Amino acid sequence: MAEFPALPLWTDALIGDTYHLTPAEFGAYLRLLIAAWRSPDCSLPNDDGKLGRIAGDAKNWARLKGTVLGFFTIREDGTLIQKRLLREREYVSRKSQNQSSRAKSRWLKEKETADAGDASRQCHGNAPTPTPIEEKKKTTSSSKRRGSRLPAEWVLPKAWGEWAVAEGMAEARVRHEADQFRDYWLGLGGQKACKVDWQATWRKWCRTAMEREAASRRPSRASNAVPQYGEQRTTKDGRTIMWAGAIDQWVEVRQ
């Protein structure tokens with residue numbers, strides 16, 4: 001088996017350099033390249049009889065060799081080489097040597113560590129093994145999910161509205177809740193106005209609103225009656241307010 005069974009073949013350069021060859025010439029050239037790659041020094045013998053057999057067409061080799069051997073160079077020792085192929089062999093050899101050196105270095109390091117551990121255990125004899133101290137992982141601010149405010153230009157996404165309708169909320173009410181949702185969160189300040197998942201916040205808003213509405217329909221004492229969803233009242237100072245079930249409080253109605 002060849003030292004390097006895989007031959008790096010740059011197809012673009014190969015086609016560009018051999019577009020003028022006939023199929024027979026191309027086939028002979030490719031077979032010579034493969035044979036040279038398999039040889040220890042990446043060379044071929046300068047012998048027509050051997051080259052014709054390697055090319056797979058000894059009968060027509062005399063006609064093919066004039067073109068095919070134009071890609072090869074004769075070395076001082078009389079053998080044939082292909083310069084580009086030789087550079088690829090040198091590159092692959094260096095890469096293989098570097099990988100081997102790194103593997104050997106890693107093995108020696110692991111062996112030294114193991115030997116040091118054995119020596120340490122021998123020196124301590126029957127001494128108790130110290131309890132390892134577990135280091136607490138530091139939680140960096142970058143690992144935490146950061147919340148954000150609701151965008152000022154926010155409008156209810158279609159998928160969010162369809163989800164609310166599927167949960168049993170009327171379309172008109174979905175639009176109303178979306179307005180209340182936007183006004184409430186845009187008007188709220190501080191850290192409470194920042195959420196990590198606004199879609200989840202919307203779902204919770206809708207569920208709360210529907211739960212409040214269902215609770216308001218149940219019979220209850222007058223003193224503990226829950227305001228009806230959308231119920232409006234006029235305050236002493238003349239402002240109109242409406243009960244927002246999602247947040248369980250009265251909100252001012254903008255005219």
# chains A, B, ... in the order shown; residues from 1 in each chain; ligands from 1
>>> residues_around(residues="Arg87 of chain A", least_positions_apart="4", cutoff="12 Å", atoms="only C-alpha atoms", output="ChimeraX atom specification")
/A:8,37,41-42,81-83,91-94
>>> residues_around(residues="Thr234 of chain A", least_positions_apart="2", cutoff="12 Å", atoms="only C-alpha atoms", output="PyMOL selection string")
chain A and resi 231-232+236-243+250-253
>>> select_by_dssp(residues="segment 20-255 of chain A", states="alpha helix (DSSP H)", output="VMD selection string")
chain A and resid 23 to 38 48 to 55 61 to 68 83 to 124 158 to 166 171 to 187 198 to 217
>>> residues_around(residues="Asn60 of chain A", least_positions_apart="3", cutoff="12 Å", atoms="only C-alpha atoms", output="PyMOL selection string")
chain A and resi 24-25+28+48-49+51-53+55-57+63-66
>>> closest_residue(among="A:His176, A:Arg146, A:Arg207, A:Arg212", to="Cys194 of chain A", atoms="only C-alpha atoms")
A:Arg146
